[in-house]
Amino acid sequence: MLVGYQKTISMKTYILKRIAGLACAVALWAPALTHGDAPSTVNSGEALKLLQAGNQRYVDGKLNSITPEEMTQRRAELVQGQKPFAVVVCCSDSRVGPEIIFDQELGNIFVVRTAGQVLDAAGIGSIEYAVAHLGSPLVLVLGHEHCGAVAAAVADAKEPGHIAAIVKAIRLAVKRTQGLKGDPVENAVQANVQDIAARLRATGPILAAKVNAGSLKVTGATVSLSTGKVKLVPDGQE
Ligand SMILES: [Zn+2]
């Protein structure tokens with residue numbers, strides 16, 4: 001699966017990665033591994049570093065370029081299967097497309113998107129599929145600045161149709177942050193991320209077992225619309 005996309009990783013580095021200690025290997029390849037599949041041995045910490053390195057390229061306006069030939073080859077490689085190194089759970093907002101803000105190409109991240117990244121059984125099942133069947137070691141729950149879904153919940157808006165279900169799901173985060181210092185929407189964005197991440201960590205039978213076994217990390221982050229910078233959110237109370 002790695003054929004054809006090793007050009008950003010020298011052979012020497014590649015071999016070293018295989019034989020050296022993990023810490024050493026991460027230092028050598030983490031920033032460079034953006035084209036091609038992550039190795040099957042990637043762990044949650046390494047996966048997070050890959051996302052953070054990609055986000056830094058996005059912030060800096062230095063996205064990796066890919067030729068039409070490389071895209072064609074990559075597409076062909078992926079026909080046989082996928083091994084995304086991370087699951088990104090984020091808002092449907094058109095300004096936070098995860099492949100772009102993490103500068104990742106096809107096959108690298110498994111994405112679940114709804115407004116306010118609110119999850120129902122199908123959403124959780126999608127995450128479980130990526131973790132259990134595709135081996136993703138990291139689930140990143142990503143909220144964002146000026147989230148309309150969260151703003152609607154803060155305003156206690158009476159939304160029509162099924163939009164109401166989204167607003168309702170975010171109310172807990174709004175309640176939890178009422179009266180806190182700072183911007184109420186941004187406070188609720190962060191709390192909503194914490195709530196969703198905590199819920200996923202506690203959801204059995206697949207995710208909770210892997211979190212407890214140390215083979216899966218579920219963490220949260222928010223992204224700034226103005227700078228594009230992704231910041232990790234500390235775990236909330238569980
Ligand atoms: Zn949003």
# chains A, B, ... in the order shown; residues from 1 in each chain; ligands from 1
>>> closest_atom_pairs(of="range 132-190 of chain A", to="range 214-224 of chain A", cutoff="10 Å", atoms="only C-alpha atoms", output="CSV")
residue,atom,partner,partner_atom,distance
A:Gly135,CA,A:Leu216,CA,9.3
A:Ser136,CA,A:Leu216,CA,7.8
A:Pro137,CA,A:Leu216,CA,4.7
A:Leu138,CA,A:Lys217,CA,5.0
A:Val139,CA,A:Val218,CA,4.7
A:Leu140,CA,A:Thr219,CA,5.2
A:Val141,CA,A:Gly220,CA,4.6
A:Leu142,CA,A:Ala221,CA,4.9
A:Gly143,CA,A:Thr222,CA,4.5
A:His144,CA,A:Val223,CA,4.7
A:Glu145,CA,A:Ser224,CA,5.3
A:His146,CA,A:Ser224,CA,8.6
A:Glu186,CA,A:Thr222,CA,9.5
A:Val189,CA,A:Thr222,CA,7.9
A:Gln190,CA,A:Thr222,CA,7.1
>>> select_by_dssp(residues="range 50-186 of chain A", states="alpha helix (DSSP H)", output="PyMOL selection string")
chain A and resi 50-60+68-78+98-101+121-133+148-154+163-177+184-186
>>> closest_residue(among="A:Ala149, A:Leu106, A:Ile206, A:Leu48", to="Ala76 in chain A", atoms="only C-alpha atoms")
A:Leu106
>>> closest_atom_pairs(of="range 95-117 of chain A", to="range 156-167 of chain A", cutoff="10 Å", atoms="only C-alpha atoms", output="CSV")
residue,atom,partner,partner_atom,distance
A:Thr114,CA,A:Ile166,CA,8.8
A:Ala115,CA,A:Ile166,CA,7.1
A:Gly116,CA,A:Ile166,CA,7.2
A:Gln117,CA,A:Ile166,CA,8.9
>>> select_by_dssp(residues="range 102-236 of chain A", states="strand (DSSP E or B)", output="MDAnalysis selection string")
chainID A and resid 109:113 138:144 217:223 230:233
>>> residues_around(residues="range 102-104 of chain A", least_positions_apart="3", cutoff="6 Å", atoms="only C-alpha atoms", output="ChimeraX atom specification")
/A:51,54-55,98-99
>>> atom_distance(atom1="CA of Val88 in chain A", atom2="CA of Ile109 in chain A")
6.7 Å
